[in-house]
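Visitor: Supplied in structure tokens, the structure appears directly below.
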Amino acid sequence: MVTELPICAIRLRTERRNRLWSQKDMARRLVEAADDDVRARLPSRESIVRRIKAYEAGHNQPDDPYRLLYARAFGLTEDQLFDCGVRNAGQDDDDEWHALELARQAYATEVGRETLERLELAVDDLAVAYHGASPRDLLIRVRRHLDYVSRLLDARKTLAEHRRLLIAGGWLSLLAATCLVDLRTFPAAAARLRTAAQLAEEAADPEMAAWCLETEAWQALTDGDYGRALALSQAAQRVAPKGSSAHIQATAQEGRALARLGAARETRHALSRVTRLVTPLPLPDRPEHHYRYDPAKCDAYTATTLSWLGDPAAESYARGVLARLESDGRPRPRRALAARLDLAFALLAADQSDEAAHMTLAALTDPHLVPAHHWRAAEVIRNLEERRVPEATELRTAYRELCVPIVS
């Protein structure tokens with residue numbers, strides 16, 4: 001069944017769900033956005049919720065003062081929010097969330113334990129899929145699940161169920177942000193990160209909050225803002241539970257930022273701290289999980305960090321990481337691609353330009369290459385051009401065909 005809804009009704013519902021607000025949350029936000037004199041004239045919260053449902057169903061459009069209150073709550077202008085027109089709202093035929101919906105209907109009248117458990121398993125599955133899936137394809141799946149969480153937030157539920165939904169929505173928002181960083185879509189990534197951070201705060205989940213800061217640090221690092229990357233990774237360590245995956249990852253990220261800043265002594269100190277944190281860790285059940293630190297990542301991060309520092313030891317680390325990834329029988333294509341770029345950069349420091357060019361070409365032609373890798377490949381190519389290596393011409397051509405243009 002295809003439904004025709006006014007654009008403003010779709011926009012109101014979408015803006016609310018993107019923030020993972022229930023309709024009751026929306027009513028509270030509208031009240032909070034009102035000036036004192038307007039607030040005194042507003043009806044009860046129950047009445048405002050009924051208005052919200054009517055607006056989102058397209059029965060009518062908000063009038064004064066609700067237009068202004070909506071705009072304030074969303075941080076948008078009235079013109080942006082209340083455009084006129086009609087579009088096909090359609091019906092989303094996504095197998096994953098339909099399976100969740102079937103379980104909800106079968107086992108509970110509203111949300112229920114079975115639905116939450118399956119949703120949490122789905123969040124873990126998506127975090128595991130990150131290292132092998134295209135970020136664009138994974139983002140589509142994550143958005144489907146975020147939409148499902150938004151629907152459940154409108155249902156009747158206990159406080160405990162509400163918190164679990166907030167946590168699931170927070171991790172999904174964070175994963176969406178990570179995919180958007182990989183795609184170099186920074187404004188959208190920042191919006192998703194803000195949502196994830198807000199949900200982490202509301203759910204009182206310090207590890208998620210720390211991962212938000214660490215992800216922002218990674219974005220700053222890929223964008224060349226090394227001072228900000230350093231500050232954010234240090235802030236993430238202060239927030240994260242000691243010894244947690246987020247704490248270890250943020251410490252490793254600090255080391256990479258320090259390497260880019262040329263602080264050799266501080267970089268090696270950060271690497272030593274990572275080693276001490278990782279040594280007692282067991283291998284996780286699902287080492288591909290993006291938010292559970294796999295001790296095997298320690299050598300990979302050491303290779304990256306030392307290669308950026310120009311340390312000759314980076315070559316042996318990078319070769320060892322790549323050899324393990326290619327022989328352990330568990331496909332980890334994104335990690336293997338990063339290891340080739342690490343090795344290419346390390347080979348430059350060892351004055352092995354021919355092999356550095358070969359590794360870079362292998363990375364450029366890898367189907368798992370994403371925009372977040374481009375700057376690293378570009379850096380190797382610039383170094384090869386400066387050394388007048390013959391293969392640099394072929395690499396530049398490949399880069400122009402497969403990636404965004406190199407900025408001189």
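To be explicit about the labels: the chains of the structure tokens are called A, B, and onward in the order shown, and within each one the residues are counted from 1, while ligands get numbers from 1 in the order they are shown.
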Quick one: everything within 6 Å of Ser233 (chain A), counting only C-alpha atoms, minus sequence neighbours fewer than 4 positions away in the same chain. Send it as a VMD selection string.
Guide: chain A and resid 214 217 250 254
Visitor: Restricted to C-alpha atoms, what would the selected residues look like written as an mmCIF file, in the first residue's frame?
Guide:
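Dumped to selection_16.cif:
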data_model
loop_
_atom_site.group_PDB
_atom_site.id
_atom_site.type_symbol
_atom_site.label_atom_id
_atom_site.label_comp_id
_atom_site.auth_asym_id
_atom_site.auth_seq_id
_atom_site.Cartn_x
_atom_site.Cartn_y
_atom_site.Cartn_z
ATOM 1 C CA GLU A 214 37.692 8.590 19.467
ATOM 2 C CA ALA A 217 39.626 12.113 16.691
ATOM 3 C CA ALA A 250 41.904 6.164 22.143
ATOM 4 C CA GLU A 254 46.855 9.464 20.625
#
Visitor: Would you pick out the contacts of Val181 (chain A) at 12 Å or less, using only C-alpha atoms, so that residues sharing its chain but fewer than 3 positions from it are not included, and give the list as a PDB file with C-alpha atoms, in the first residue's frame?
Guide:
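Output (selection.pdb):
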ATOM      1  CA  PRO A 135      30.585   1.595   3.983  1.00  0.00           C
ATOM      2  CA  ARG A 136      27.870   2.756   1.592  1.00  0.00           C
ATOM      3  CA  LEU A 139      25.155   2.533   5.984  1.00  0.00           C
ATOM      4  CA  LEU A 174      28.061   5.831  15.991  1.00  0.00           C
ATOM      5  CA  LEU A 175      28.477   3.127  13.348  1.00  0.00           C
ATOM      6  CA  ALA A 176      26.636   5.303  10.834  1.00  0.00           C
ATOM      7  CA  ALA A 177      29.007   8.162  11.674  1.00  0.00           C
ATOM      8  CA  THR A 178      32.004   5.869  11.152  1.00  0.00           C
ATOM      9  CA  ARG A 184      34.417  11.610   3.758  1.00  0.00           C
ATOM     10  CA  THR A 185      30.882  12.934   4.261  1.00  0.00           C
ATOM     11  CA  PHE A 186      31.877  14.984   7.273  1.00  0.00           C
ATOM     12  CA  PRO A 187      28.774  17.169   7.956  1.00  0.00           C
ATOM     13  CA  ALA A 188      26.509  14.101   8.049  1.00  0.00           C
ATOM     14  CA  ALA A 189      29.088  12.233  10.145  1.00  0.00           C
ATOM     15  CA  ALA A 190      29.161  15.113  12.646  1.00  0.00           C
ATOM     16  CA  ALA A 191      25.362  15.037  12.938  1.00  0.00           C
ATOM     17  CA  ARG A 192      25.362  11.290  13.617  1.00  0.00           C
ATOM     18  CA  LEU A 193      28.169  11.692  16.149  1.00  0.00           C
ATOM     19  CA  THR A 215      35.757   8.525  16.182  1.00  0.00           C
ATOM     20  CA  GLU A 216      35.872  12.313  16.042  1.00  0.00           C
ATOM     21  CA  ALA A 217      39.626  12.113  16.691  1.00  0.00           C
ATOM     22  CA  TRP A 218      40.022   9.707  13.763  1.00  0.00           C
ATOM     23  CA  GLN A 219      38.084  12.097  11.526  1.00  0.00           C
ATOM     24  CA  ALA A 220      40.345  14.979  12.574  1.00  0.00           C
ATOM     25  CA  LEU A 221      43.424  12.838  11.918  1.00  0.00           C
ATOM     26  CA  THR A 222      42.295  11.932   8.380  1.00  0.00           C
ATOM     27  CA  ASP A 223      41.558  15.621   7.772  1.00  0.00           C
ATOM     28  CA  VAL A 370      37.229   3.633   0.592  1.00  0.00           C
ATOM     29  CA  PRO A 371      37.631   7.437   0.470  1.00  0.00           C
ATOM     30  CA  ALA A 372      39.136   7.434   3.978  1.00  0.00           C
ATOM     31  CA  HIS A 373      42.134   5.557   2.539  1.00  0.00           C
TER      32      HIS A 373
END
Visitor: Run DSSP on the backbone and give me the residues of region 70-212 of chain A it puts in helix (DSSP H, G or I), as an NGL selection string.
Guide: :A and (70-74 or 78-81 or 95-107 or 113-129 or 135-153 or 159-182 or 186-202 or 206-212)
Visitor: Could those selected residues go to a file with C-alpha atoms, as a compact mmCIF listing (two decimals), in the first residue's frame?
Guide:
# COMPACT_ATOMS: atom_id res chain seq x y z
CA TYR A 70 9.47 22.87 16.10
CA ALA A 71 12.10 25.01 14.39
CA ARG A 72 13.76 25.84 17.72
CA ALA A 73 13.70 22.22 18.89
CA PHE A 74 15.35 20.97 15.67
CA GLU A 78 10.78 27.49 9.68
CA ASP A 79 11.34 27.64 5.90
CA GLN A 80 13.60 24.59 6.03
CA LEU A 81 11.08 22.63 8.03
CA ASP A 95 14.21 -8.03 5.42
CA GLU A 96 16.27 -7.37 8.54
CA TRP A 97 13.93 -5.01 10.33
CA HIS A 98 10.85 -6.88 9.14
CA ALA A 99 12.27 -9.95 10.87
CA LEU A 100 12.64 -7.91 14.06
CA GLU A 101 9.09 -6.64 13.71
CA LEU A 102 7.75 -10.18 13.31
CA ALA A 103 9.54 -11.24 16.50
CA ARG A 104 8.11 -8.23 18.36
CA GLN A 105 4.57 -9.08 17.28
CA ALA A 106 5.03 -12.75 18.09
CA TYR A 107 6.58 -12.38 21.53
CA ARG A 113 12.78 -8.93 25.79
CA GLU A 114 12.89 -10.97 22.58
CA THR A 115 12.83 -7.91 20.34
CA LEU A 116 15.52 -6.13 22.35
CA GLU A 117 17.80 -9.17 22.37
CA ARG A 118 17.48 -9.62 18.63
CA LEU A 119 18.05 -5.93 18.06
CA GLU A 120 21.21 -5.98 20.20
CA LEU A 121 22.47 -9.02 18.28
CA ALA A 122 21.80 -7.17 15.03
CA VAL A 123 23.84 -4.20 16.29
CA ASP A 124 26.76 -6.55 17.03
CA ASP A 125 26.43 -8.19 13.61
CA LEU A 126 26.60 -4.80 11.90
CA ALA A 127 29.70 -3.84 13.92
CA VAL A 128 31.34 -7.10 12.82
CA ALA A 129 30.31 -6.54 9.19
CA PRO A 135 30.59 1.60 3.98
CA ARG A 136 27.87 2.76 1.59
CA ASP A 137 26.09 -0.61 1.69
CA LEU A 138 26.52 -0.97 5.45
CA LEU A 139 25.15 2.53 5.98
CA ILE A 140 21.90 1.52 4.29
CA ARG A 141 21.49 -1.40 6.70
CA VAL A 142 22.37 0.74 9.72
CA ARG A 143 19.80 3.37 8.71
CA ARG A 144 17.11 0.66 8.47
CA HIS A 145 17.84 -0.40 12.03
CA LEU A 146 17.91 3.19 13.27
CA ASP A 147 14.47 3.69 11.78
CA TYR A 148 13.30 0.57 13.59
CA VAL A 149 14.70 1.84 16.91
CA SER A 150 12.84 5.11 16.35
CA ARG A 151 9.59 3.22 15.86
CA LEU A 152 10.11 1.25 19.05
CA LEU A 153 10.79 4.44 21.00
CA LEU A 159 12.42 2.38 31.78
CA ALA A 160 14.88 -0.50 31.41
CA GLU A 161 13.66 -1.18 27.87
CA HIS A 162 13.91 2.52 27.06
CA ARG A 163 17.56 2.61 28.15
CA ARG A 164 18.41 -0.47 26.09
CA LEU A 165 16.83 1.16 23.05
CA LEU A 166 18.85 4.32 23.65
CA ILE A 167 22.04 2.26 23.85
CA ALA A 168 21.22 0.33 20.66
CA GLY A 169 20.36 3.58 18.88
CA GLY A 170 23.58 5.15 20.13
CA TRP A 171 25.80 2.36 18.79
CA LEU A 172 23.95 2.41 15.48
CA SER A 173 24.35 6.19 15.21
CA LEU A 174 28.06 5.83 15.99
CA LEU A 175 28.48 3.13 13.35
CA ALA A 176 26.64 5.30 10.83
CA ALA A 177 29.01 8.16 11.67
CA THR A 178 32.00 5.87 11.15
CA CYS A 179 30.73 4.84 7.71
CA LEU A 180 30.19 8.50 6.82
CA VAL A 181 33.74 9.37 7.93
CA ASP A 182 35.00 6.57 5.66
CA PHE A 186 31.88 14.98 7.27
CA PRO A 187 28.77 17.17 7.96
CA ALA A 188 26.51 14.10 8.05
CA ALA A 189 29.09 12.23 10.14
CA ALA A 190 29.16 15.11 12.65
CA ALA A 191 25.36 15.04 12.94
CA ARG A 192 25.36 11.29 13.62
CA LEU A 193 28.17 11.69 16.15
CA ARG A 194 26.19 14.38 18.00
CA THR A 195 23.21 12.03 18.21
CA ALA A 196 25.38 9.15 19.44
CA ALA A 197 27.00 11.37 22.07
CA GLN A 198 23.63 12.63 23.27
CA LEU A 199 22.28 9.08 23.57
CA ALA A 200 25.43 7.96 25.40
CA GLU A 201 24.87 10.76 27.89
CA GLU A 202 21.17 9.99 28.35
CA PRO A 206 30.78 6.12 29.25
CA GLU A 207 32.29 3.62 26.81
CA MET A 208 29.98 4.74 24.03
CA ALA A 209 30.73 8.37 24.89
CA ALA A 210 34.45 7.65 24.64
CA TRP A 211 34.04 5.93 21.27
CA CYS A 212 32.26 9.06 20.02
Visitor: Pick out the closest residue to His358 (chain A) from this set: A:Ala204, A:Leu395, A:Arg265, A:Ala323. Count only C-alpha atoms.
Guide: A:Leu395
Visitor: Env of Arg39 (chain A): 12 Å cut, atoms = only C-alpha atoms, seq-sep filter 4 positions within chain, self excluded. Answer as an MDAnalysis selection string.
Guide: chainID A and resid 27:35 43:45 48 65:66 69
Visitor: One number please: CA of Leu364 (chain A) to CA of Thr393 (chain A), in Å, one decimal.
Guide: 13.7 Å
Visitor: Between A:His368, A:Arg324, A:Lys157, A:Arg376, which residue has the minimum interatomic distance to Ala344 (chain A), considering only C-alpha atoms?
Guide: A:Arg376
Visitor: Using only C-alpha atoms, which residue out of A:Ser245, A:Gln253, A:Gln352, A:Thr365 lies closest to Gly227 (chain A)?
Guide: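 Among the listed residues, A:Gln253 lies closest to Gly227 (chain A).
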Visitor: I'd like the neighbourhood of Ala377 (chain A) as a PyMOL selection string, where a residue qualifies if any of its atoms comes within 10 Å (using only C-alpha atoms), though same-chain residues fewer than 2 positions away should be ignored.
Guide: chain A and resi 338+340-342+344-345+357+359-361+363-364+372-375+379-382+395-396+399+403+406
